[in-house]
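Below is the file data-v9.cif, which contains mmCIF, C-alpha atoms.
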data_protein
loop_
_atom_site.label_atom_id
_atom_site.label_comp_id
_atom_site.auth_asym_id
_atom_site.auth_seq_id
_atom_site.Cartn_x
_atom_site.Cartn_y
_atom_site.Cartn_z
CA MET U 1 0.00 0.00 0.00
CA ARG U 2 1.76 3.13 -1.20
CA GLU U 3 0.72 6.72 -1.57
CA LYS U 4 1.13 6.79 -5.37
CA GLY U 5 -0.87 4.43 -7.53
CA PHE U 6 -3.83 2.14 -7.15
CA ARG U 7 -5.40 0.90 -3.94
CA ALA U 8 -7.30 -2.38 -4.04
CA ILE U 9 -10.41 -3.08 -2.00
CA GLY U 10 -9.18 -6.59 -1.39
CA ASN U 11 -5.98 -5.36 0.29
CA LEU U 12 -7.57 -2.98 2.79
CA ALA U 13 -6.58 -4.55 6.13
CA GLN U 14 -9.29 -4.93 8.73
CA LYS U 15 -8.57 -4.82 12.47
CA LEU U 16 -10.50 -7.76 13.81
CA THR U 17 -12.16 -8.00 17.22
CA SER U 18 -9.78 -9.68 19.65
CA GLY U 19 -10.96 -12.23 22.20
CA MET U 20 -14.58 -12.42 21.07
CA ALA U 21 -16.12 -15.61 19.71
CA LYS U 22 -17.77 -13.76 16.85
CA GLY U 23 -14.48 -12.08 15.98
CA ARG U 24 -12.58 -15.38 16.00
CA ASP U 25 -15.16 -17.05 13.77
CA ALA U 26 -15.06 -14.16 11.34
CA SER U 27 -11.25 -14.14 11.34
CA ILE U 28 -10.90 -17.79 10.38
CA ALA U 29 -13.73 -17.43 7.86
CA ARG U 30 -11.92 -14.56 6.18
CA LEU U 31 -8.67 -16.51 6.07
CA LYS U 32 -10.44 -19.43 4.44
CA VAL U 33 -11.96 -17.21 1.78
CA GLU U 34 -8.76 -15.28 1.05
CA TRP U 35 -6.11 -17.91 1.78
CA SER U 36 -4.45 -17.79 -1.63
CA ALA U 37 -4.07 -14.01 -1.39
CA VAL U 38 -2.63 -14.33 2.14
CA VAL U 39 0.07 -16.97 1.61
CA GLY U 40 0.39 -17.23 -2.15
CA ALA U 41 -0.72 -19.83 -4.65
CA ASP U 42 2.02 -22.38 -3.84
CA LEU U 43 1.20 -22.68 -0.14
CA ALA U 44 -2.54 -22.40 -0.78
CA ARG U 45 -2.39 -25.54 -2.93
CA VAL U 46 -1.14 -27.69 -0.03
CA THR U 47 -2.64 -26.00 3.06
CA ARG U 48 -6.02 -24.84 4.34
CA PRO U 49 -6.82 -22.77 7.49
CA ASP U 50 -8.68 -25.05 9.89
CA ALA U 51 -9.18 -23.20 13.21
CA LEU U 52 -7.86 -20.56 15.59
CA LEU U 53 -6.66 -21.97 18.91
CA SER U 54 -5.90 -20.18 22.18
CA THR U 55 -2.35 -20.67 23.43
CA ARG U 56 -0.60 -20.25 26.75
CA GLY U 57 2.79 -19.02 27.78
CA ALA U 58 4.87 -15.89 27.40
CA ARG U 59 3.73 -15.21 23.87
CA SER U 60 0.13 -15.13 24.99
CA SER U 61 0.74 -11.89 26.88
CA ARG U 62 1.50 -9.97 23.72
CA ALA U 63 -1.17 -7.52 22.70
CA GLY U 64 -3.45 -9.15 20.18
CA GLY U 65 -1.52 -12.44 20.24
CA GLY U 66 -1.99 -15.66 22.16
CA LYS U 67 -3.50 -17.61 19.26
CA ALA U 68 -2.31 -20.39 17.01
CA LEU U 69 -3.54 -21.07 13.51
CA ARG U 70 -4.25 -24.74 12.92
CA LEU U 71 -3.47 -25.60 9.31
CA ARG U 72 -4.57 -28.66 7.45
CA VAL U 73 -1.69 -29.78 5.24
CA SER U 74 -1.19 -32.56 2.73
CA GLY U 75 1.21 -35.18 4.07
CA ALA U 76 3.86 -34.78 1.40
CA ALA U 77 4.17 -31.06 2.03
CA ALA U 78 4.12 -31.10 5.84
CA LEU U 79 7.88 -30.77 6.32
CA GLU U 80 8.21 -27.84 3.92
CA VAL U 81 5.21 -26.07 5.45
CA GLN U 82 6.68 -26.55 8.93
CA HIS U 83 9.91 -24.89 7.79
CA ARG U 84 7.89 -21.97 6.42
CA SER U 85 5.63 -21.59 9.47
CA GLY U 86 7.33 -18.36 10.56
CA GLN U 87 6.69 -16.88 7.12
CA ILE U 88 3.03 -17.92 7.31
CA VAL U 89 2.65 -16.20 10.71
CA GLU U 90 4.10 -12.98 9.29
CA ARG U 91 1.91 -13.08 6.19
CA VAL U 92 -1.30 -13.70 8.14
CA ASN U 93 -0.63 -10.89 10.60
CA ALA U 94 0.47 -8.48 7.87
CA TYR U 95 -2.56 -9.24 5.70
CA LEU U 96 -5.05 -8.72 8.53
CA GLY U 97 -3.29 -5.61 9.79
CA HIS U 98 -2.69 -6.70 13.39
CA ARG U 99 -1.14 -9.55 15.38
CA LEU U 100 -3.70 -12.31 15.22
CA ILE U 101 -1.49 -15.41 15.63
CA ASP U 102 1.87 -16.30 17.19
CA GLU U 103 2.37 -19.76 15.74
CA VAL U 104 1.14 -22.38 13.27
CA ARG U 105 0.12 -25.93 14.20
CA LEU U 106 -0.17 -28.54 11.48
CA VAL U 107 -2.63 -31.40 11.09
CA GLN U 108 -2.38 -33.75 8.13
CA GLY U 109 -5.35 -34.23 5.86
CA ALA U 110 -6.53 -34.17 2.27
CA ILE U 111 -6.59 -30.78 0.58
CA ALA U 112 -9.30 -30.27 -2.02
CA ALA U 113 -8.15 -28.51 -5.15
CA PRO U 114 -9.37 -24.89 -5.31
CA PRO U 115 -11.78 -24.03 -8.11
CA ALA U 116 -10.11 -22.94 -11.30
CA ARG U 117 -10.06 -19.19 -11.80
CA PRO U 118 -11.56 -17.88 -15.03
CA LYS U 119 -9.03 -16.80 -17.59
CA LEU U 120 -8.87 -13.07 -18.11
CA ALA U 121 -8.97 -11.61 -21.58
CA LYS U 122 -5.70 -10.14 -22.82
CA PRO U 123 -5.84 -6.33 -22.83
CA SER U 124 -5.58 -4.58 -26.16
CA ILE U 125 -2.45 -2.69 -27.15
CA ALA U 126 -4.42 0.57 -27.03
CA THR U 127 -5.52 -0.13 -23.45
CA GLU U 128 -1.97 -0.97 -22.38
CA ARG U 129 -0.65 2.26 -23.89
CA GLU U 130 -3.38 4.34 -22.27
CA ILE U 131 -2.71 2.92 -18.80
CA ALA U 132 1.07 3.20 -19.25
CA GLY U 133 0.61 6.91 -19.91
CA LYS U 134 -1.50 7.38 -16.79
CA VAL U 135 1.07 5.76 -14.49
CA ALA U 136 4.15 7.28 -16.16
CA ALA U 137 4.59 9.78 -13.31
CA VAL U 138 4.95 7.06 -10.65
CA GLU U 139 8.61 7.16 -9.62
CA ASP U 140 9.03 3.61 -8.29
CA PRO U 141 9.69 1.42 -11.39
CA ASP U 142 8.39 -1.80 -9.83
CA LEU U 143 5.22 -0.10 -8.62
CA ARG U 144 4.77 1.62 -11.98
CA ALA U 145 5.01 -1.72 -13.80
CA ALA U 146 2.57 -3.38 -11.39
CA LEU U 147 0.08 -0.54 -11.74
CA ALA U 148 0.28 -0.71 -15.51
CA ARG U 149 -0.46 -4.45 -15.48
CA LEU U 150 -3.37 -4.07 -13.08
CA GLY U 151 -4.81 -1.07 -14.87
CA SER U 152 -4.68 -2.82 -18.23
CA ARG U 153 -6.48 -5.84 -16.85
CA ILE U 154 -9.14 -3.68 -15.20
CA GLY U 155 -9.71 -1.89 -18.47
CA THR U 156 -10.32 -5.30 -20.04
CA GLY U 157 -12.65 -6.80 -17.42
CA ARG U 158 -13.59 -4.42 -14.62
CA ARG U 159 -16.46 -6.39 -13.13
CA GLY U 160 -14.69 -9.75 -13.26
CA LEU U 161 -11.70 -8.39 -11.37
CA LEU U 162 -13.81 -6.66 -8.78
CA ILE U 163 -15.82 -9.78 -7.98
CA ALA U 164 -12.63 -11.86 -8.02
CA GLY U 165 -11.25 -9.77 -5.19
CA LEU U 166 -8.89 -7.27 -6.83
CA GLY U 167 -11.43 -4.55 -6.13
CA ALA U 168 -11.92 -1.08 -7.48
CA LEU U 169 -8.59 0.59 -8.21
CA PHE U 170 -7.99 4.26 -8.82
CA LEU U 171 -5.11 6.55 -9.69
CA ALA U 172 -3.98 8.73 -6.81
CA ASP U 173 -4.08 11.80 -9.03
CA ASP U 174 -7.73 11.08 -9.84
CA LEU U 175 -8.51 11.00 -6.13
CA LYS U 176 -6.65 14.21 -5.44
CA ALA U 177 -8.71 15.93 -8.11
CA GLN U 178 -11.86 15.24 -6.10
CA SER U 179 -12.96 17.73 -3.44
CA PRO U 180 -13.28 15.84 -0.12
CA ALA U 181 -15.82 18.34 1.20
CA LYS U 182 -18.49 17.22 -1.25
CA PHE U 183 -18.44 13.70 0.24
CA LEU U 184 -19.10 14.88 3.82
CA ASP U 185 -22.80 15.43 3.18
CA PRO U 186 -25.36 12.94 1.84
CA LEU U 187 -24.98 12.40 -1.90
CA PRO U 188 -27.87 11.89 -4.34
CA ASP U 189 -27.26 8.13 -4.59
CA ASP U 190 -26.60 7.58 -0.88
CA HIS U 191 -28.73 5.33 1.30
CA VAL U 192 -29.99 7.60 4.09
CA LEU U 193 -31.86 6.51 7.21
CA GLY U 194 -33.74 9.28 9.01
CA LYS U 195 -35.69 12.43 8.32
CA PRO U 196 -34.41 14.63 5.47
CA ASP U 197 -34.18 17.69 7.73
CA ALA U 198 -32.39 15.98 10.64
CA PRO U 199 -29.57 18.35 11.69
CA ASN U 200 -26.88 15.77 12.50
CA VAL U 201 -25.28 13.52 9.87
CA LEU U 202 -23.41 10.28 10.60
CA ILE U 203 -21.70 8.62 7.62
CA ASP U 204 -20.65 5.00 8.17
CA TYR U 205 -18.13 3.31 5.85
CA ALA U 206 -18.52 -0.42 6.39
CA SER U 207 -17.56 -3.82 5.01
CA PHE U 208 -19.91 -6.77 5.41
CA THR U 209 -17.03 -9.12 6.33
CA CYS U 210 -15.72 -6.79 9.06
CA PRO U 211 -16.44 -8.08 12.61
CA HIS U 212 -16.17 -4.57 14.07
CA CYS U 213 -18.88 -3.45 11.64
CA ALA U 214 -21.12 -6.32 12.78
CA ASN U 215 -20.52 -5.29 16.39
CA PHE U 216 -21.39 -1.69 15.51
CA ASN U 217 -24.64 -2.88 13.94
CA ALA U 218 -25.53 -5.01 16.97
CA ALA U 219 -24.49 -2.72 19.82
CA VAL U 220 -24.66 0.83 18.48
CA MET U 221 -27.31 0.95 15.76
CA PRO U 222 -30.34 0.05 17.96
CA VAL U 223 -29.60 2.96 20.31
CA LEU U 224 -28.83 5.36 17.46
CA ARG U 225 -32.13 4.46 15.84
CA ARG U 226 -34.12 4.90 19.06
CA ASP U 227 -32.51 8.03 20.48
CA TRP U 228 -31.29 9.93 17.43
CA ILE U 229 -32.70 8.74 14.11
CA GLU U 230 -36.34 8.06 14.99
CA THR U 231 -36.49 11.28 17.03
CA GLY U 232 -35.49 13.33 13.99
CA LYS U 233 -32.10 14.38 15.37
CA MET U 234 -29.87 12.45 12.96
CA ARG U 235 -29.53 11.09 9.45
CA LEU U 236 -27.39 7.99 9.01
CA VAL U 237 -25.65 7.33 5.68
CA HIS U 238 -24.35 3.85 4.87
CA ARG U 239 -21.52 3.66 2.33
CA HIS U 240 -19.88 0.52 1.03
CA PHE U 241 -16.18 -0.06 1.68
CA PRO U 242 -15.80 -3.82 1.00
CA SER U 243 -12.55 -5.41 2.12
CA ASP U 244 -12.64 -8.56 -0.02
CA ALA U 245 -14.49 -10.41 -2.77
CA ILE U 246 -17.25 -11.78 -0.53
CA ALA U 247 -17.87 -8.36 1.00
CA THR U 248 -18.11 -6.89 -2.50
CA ARG U 249 -20.71 -9.49 -3.47
CA ALA U 250 -22.63 -8.81 -0.24
CA SER U 251 -22.66 -5.09 -1.06
CA LEU U 252 -24.11 -5.78 -4.50
CA LEU U 253 -26.78 -8.07 -3.01
CA ALA U 254 -27.69 -5.44 -0.42
CA GLU U 255 -28.20 -3.03 -3.31
CA CYS U 256 -30.29 -5.73 -4.99
CA SER U 257 -32.84 -5.59 -2.16
CA GLY U 258 -33.94 -2.14 -3.33
CA PRO U 259 -34.04 1.27 -1.61
CA ASP U 260 -36.99 0.42 0.65
CA LYS U 261 -35.39 -2.74 2.02
CA PHE U 262 -31.74 -1.70 1.89
CA PHE U 263 -31.24 -1.11 5.61
CA ASP U 264 -33.12 -4.32 6.39
CA ALA U 265 -30.63 -6.11 4.15
CA VAL U 266 -27.70 -4.40 5.90
CA ASP U 267 -29.00 -5.48 9.30
CA THR U 268 -29.61 -9.04 8.08
CA LEU U 269 -26.14 -9.36 6.57
CA PHE U 270 -24.44 -8.18 9.74
CA ARG U 271 -26.60 -10.27 12.08
CA THR U 272 -25.89 -13.41 10.08
CA GLN U 273 -22.26 -12.57 9.28
CA VAL U 274 -20.75 -15.60 10.99
CA GLN U 275 -23.35 -17.91 9.43
CA TRP U 276 -22.60 -17.04 5.81
CA MET U 277 -18.88 -16.37 6.24
CA THR U 278 -18.29 -19.80 7.77
CA ALA U 279 -20.50 -21.66 5.30
CA PRO U 280 -18.82 -24.00 2.78
CA ASP U 281 -20.09 -21.69 0.01
CA PRO U 282 -20.44 -18.14 1.42
CA ALA U 283 -21.80 -16.77 -1.88
CA ALA U 284 -24.64 -19.31 -1.89
CA GLU U 285 -25.35 -18.77 1.81
CA LEU U 286 -25.76 -15.04 1.17
CA LEU U 287 -28.82 -15.87 -0.93
CA THR U 288 -30.21 -18.00 1.89
CA VAL U 289 -30.04 -15.20 4.46
CA LEU U 290 -31.46 -12.61 2.03
CA ALA U 291 -34.26 -14.79 0.62
CA ASP U 292 -36.91 -13.21 2.87
CA LEU U 293 -36.05 -9.81 1.40
CA GLY U 294 -36.85 -10.98 -2.11
CA VAL U 295 -33.30 -11.56 -3.32
CA SER U 296 -33.80 -14.67 -5.44
CA PRO U 297 -30.97 -16.48 -7.30
CA ASP U 298 -32.12 -14.96 -10.59
CA ALA U 299 -32.36 -11.48 -9.10
CA ALA U 300 -28.92 -11.88 -7.48
CA ALA U 301 -27.33 -12.91 -10.79
CA ALA U 302 -28.85 -9.87 -12.47
CA CYS U 303 -27.64 -7.55 -9.71
CA VAL U 304 -24.08 -8.87 -9.79
CA ALA U 305 -24.08 -8.16 -13.55
CA ASN U 306 -25.67 -4.72 -13.16
CA ASP U 307 -23.23 -1.91 -14.02
CA ARG U 308 -25.31 0.68 -12.18
CA LEU U 309 -25.09 -1.23 -8.88
CA LEU U 310 -21.42 -1.93 -9.41
CA ASP U 311 -20.80 1.77 -10.03
CA LYS U 312 -22.57 2.59 -6.75
CA VAL U 313 -20.19 0.36 -4.80
CA VAL U 314 -17.17 1.69 -6.68
CA ASN U 315 -18.25 5.30 -6.10
CA ASP U 316 -18.64 4.66 -2.37
CA VAL U 317 -15.12 3.24 -2.22
CA GLN U 318 -13.73 6.15 -4.18
CA SER U 319 -15.40 8.67 -1.86
CA GLY U 320 -13.95 6.84 1.15
CA GLN U 321 -10.46 6.82 -0.33
CA THR U 322 -10.76 10.54 -1.03
CA LEU U 323 -11.74 11.13 2.60
CA GLY U 324 -8.81 9.06 3.87
CA VAL U 325 -10.73 5.97 5.01
CA ARG U 326 -8.25 3.18 5.82
CA PHE U 327 -10.31 0.69 7.82
CA THR U 328 -13.88 -0.20 8.70
CA PRO U 329 -15.96 0.93 10.30
CA THR U 330 -14.95 4.54 9.78
CA VAL U 331 -17.49 7.02 11.08
CA PHE U 332 -17.87 10.67 10.13
CA ILE U 333 -20.08 12.78 12.41
CA ASN U 334 -20.98 16.26 11.23
CA GLU U 335 -18.07 16.33 8.76
CA GLN U 336 -15.42 15.09 11.22
CA ASN U 337 -13.62 11.73 10.92
CA TYR U 338 -13.78 9.78 14.19
CA GLY U 339 -12.50 6.46 12.82
CA ASN U 340 -14.01 3.64 14.84
CA PRO U 341 -15.08 5.56 17.94
CA GLY U 342 -16.17 2.48 19.88
CA GLY U 343 -19.50 1.88 21.58
CA ILE U 344 -22.62 3.96 21.91
CA ASP U 345 -21.28 5.83 24.95
CA ALA U 346 -18.32 7.14 22.94
CA ILE U 347 -20.58 8.23 20.09
CA ALA U 348 -22.98 9.89 22.54
CA ASP U 349 -20.02 11.84 23.99
CA ILE U 350 -19.05 12.99 20.49
CA LEU U 351 -22.59 14.08 19.74
CA ARG U 352 -22.77 16.04 23.00
CA GLN U 353 -19.68 17.95 21.84
CA VAL U 354 -20.39 18.47 18.12
CA GLY U 355 -24.12 17.77 17.89
CA ARG U 356 -26.51 20.27 16.37
#
Reformat the file's structure so that it appears as structure tokens.
Amino acid sequence: MREKGFRAIGNLAQKLTSGMAKGRDASIARLKVEWSAVVGADLARVTRPDALLSTRGARSSRAGGGKALRLRVSGAAALEVQHRSGQIVERVNAYLGHRLIDEVRLVQGAIAAPPARPKLAKPSIATEREIAGKVAAVEDPDLRAALARLGSRIGTGRRGLLIAGLGALFLADDLKAQSPAKFLDPLPDDHVLGKPDAPNVLIDYASFTCPHCANFNAAVMPVLRRDWIETGKMRLVHRHFPSDAIATRASLLAECSGPDKFFDAVDTLFRTQVQWMTAPDPAAELLTVLADLGVSPDAAAACVANDRLLDKVVNDVQSGQTLGVRFTPTVFINEQNYGNPGGIDAIADILRQVGR
């Protein structure tokens, strides 16, 4: 992640809830979904995350540590994987953005082959030249070459790459050209909960695979609705900031529920987060949890292929990047960035200070 160049949704690190059962379940679920991106294709072919285990001893006292990742490994590769266990620990912690594990424990077992990824169309020469011109000002040659490759592929198949987990990528200069101030108020295509004339505005950037976001929905939202939104004191704006491929799909399916049921879909997705993230097929389980909101398999397929809905998600991410969002949830209250302020008491304190 560098200042100049593209930023991928799939590489935005999430700080996971430490020590909570829901957080642990979501952590291992995310590792299972993104394992190839975490450790690389070679290790992903012979290993699978199996469980997070509590550990004891001196290492357990480290902040955020005290856990072991149990890996299922094919017998022939066990020795090599054991030698690379330190590297796996570093990659897991770096990918998630905090110290989640201190060690790896291996159990032998069969490893199913991952599904084959669809082949991407080769970009045209014109597309390659156009992207090369856009990234020419990037000083780092390795980064410039990587950005040119990614940009060319996005120009060839934008939706396929987004759903596959590369995410929406933007040039830093394009972001700088945007005025951050215009994103601090509700936008025409925003989903807004509350009365149009409510004086206070809370903007929430969230990812559906983020445990902290699920906690915010469970612990903070009911009180905000009762004391601030339903009383006409506040408008709440939900904006998508998906952290991975499954979160991107969940965002598109939430959009698929329609404006009238959007916030019902958001609540359902967060309440059932562990259920669909830990399912053998999270994408299929998403349809199960959203069925009561009218999101049928046919409707879901149409929504995933809908450029307008995709653009909505992309625009939300771009607005967040312009405002400096780096993790989820990130909360803006009356034009001020408070990051993840914590529970309802912390937000109530903020509103007492800056509320209108």
May I have the residues within 8 Å of U:Val92 as a VMD selection string, using only C-alpha atoms and disregarding those fewer than 3 positions away in the same chain? chain U and resid 38 to 39 88 to 89 95 to 96 100 to 101
Care to translate the PyMOL selection byres ((chain U and resi 31-36) around 9) into actual residues of this file, as a list in words? Ala26, Ser27, Ile28, Ala29, Arg30, Ala37, Val38, Val39, Gly40, Ala41, Asp42, Leu43, Ala44, Arg45, Thr47, Arg48, Pro49, Asp50, Val92, Leu96, Gly165, Asp244, Ala245, Ile246, Met277, Thr278 and Pro282 of chain U
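Distances here use only C-alpha atoms; by that measure, the residue among U:Ile125, U:Ile203, U:Val274, U:Val266 closest to U:Leu293 is U:Val266.
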Residues near U:Thr330, cut-off 6 Å, only C-alpha atoms, skip fewer than 6 positions along chain, as number ranges by chain: U: 204-205, 339-340
One decimal, Å: what's the distance from atom CA of U:Phe262 over to atom CA of U:His191, could you say? 7.7 Å
Contact table stretch 279-341 of chain U vs stretch 251-258 of chain U, cut-off 12 Å, shortest pair per residue, all atoms listed in the file, as CSV:
residue,atom,partner,partner_atom,distance
U:Ala283,CA,U:Leu253,CA,10.1
U:Ala284,CA,U:Leu253,CA,11.5
U:Glu285,CA,U:Leu253,CA,11.8
U:Leu286,CA,U:Leu253,CA,8.2
U:Leu287,CA,U:Leu253,CA,8.3
U:Thr288,CA,U:Leu253,CA,11.6
U:Val289,CA,U:Leu253,CA,10.8
U:Leu290,CA,U:Leu253,CA,8.2
U:Ala291,CA,U:Ser257,CA,9.7
U:Asp292,CA,U:Ser257,CA,10.0
U:Leu293,CA,U:Ser257,CA,6.4
U:Gly294,CA,U:Ser257,CA,6.7
U:Val295,CA,U:Ser257,CA,6.1
U:Ser296,CA,U:Cys256,CA,9.6
U:Pro297,CA,U:Leu253,CA,10.3
U:Asp298,CA,U:Cys256,CA,10.9
U:Ala299,CA,U:Cys256,CA,7.4
U:Ala300,CA,U:Leu253,CA,6.3
U:Ala301,CA,U:Leu253,CA,9.2
U:Ala302,CA,U:Cys256,CA,8.7
U:Cys303,CA,U:Cys256,CA,5.7
U:Val304,CA,U:Leu252,CA,6.1
U:Ala305,CA,U:Leu252,CA,9.4
U:Asn306,CA,U:Leu252,CA,8.9
U:Asp307,CA,U:Leu252,CA,10.3
U:Arg308,CA,U:Glu255,CA,10.0
U:Leu309,CA,U:Leu252,CA,6.4
U:Leu310,CA,U:Leu252,CA,6.8
U:Asp311,CA,U:Leu252,CA,9.9
U:Lys312,CA,U:Glu255,CA,8.7
U:Val313,CA,U:Ser251,CA,7.1
U:Val314,CA,U:Ser251,CA,10.4
U:Asp316,CA,U:Ser251,CA,10.6
U:Val317,CA,U:Ser251,CA,11.3
Picked residues, the PyMOL selection byres ((chain U and resi 221) around 12), expected as a ChimeraX atom specification: /U:193,202,204,213-220,222-230,236,238,263,266-267,270-271,342-344,347
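Counting all atoms listed in the file, the residue from U:Asp197, U:Asp260, U:Asp190, U:Asp345 that sits nearest to U:Ser319 is U:Asp190.
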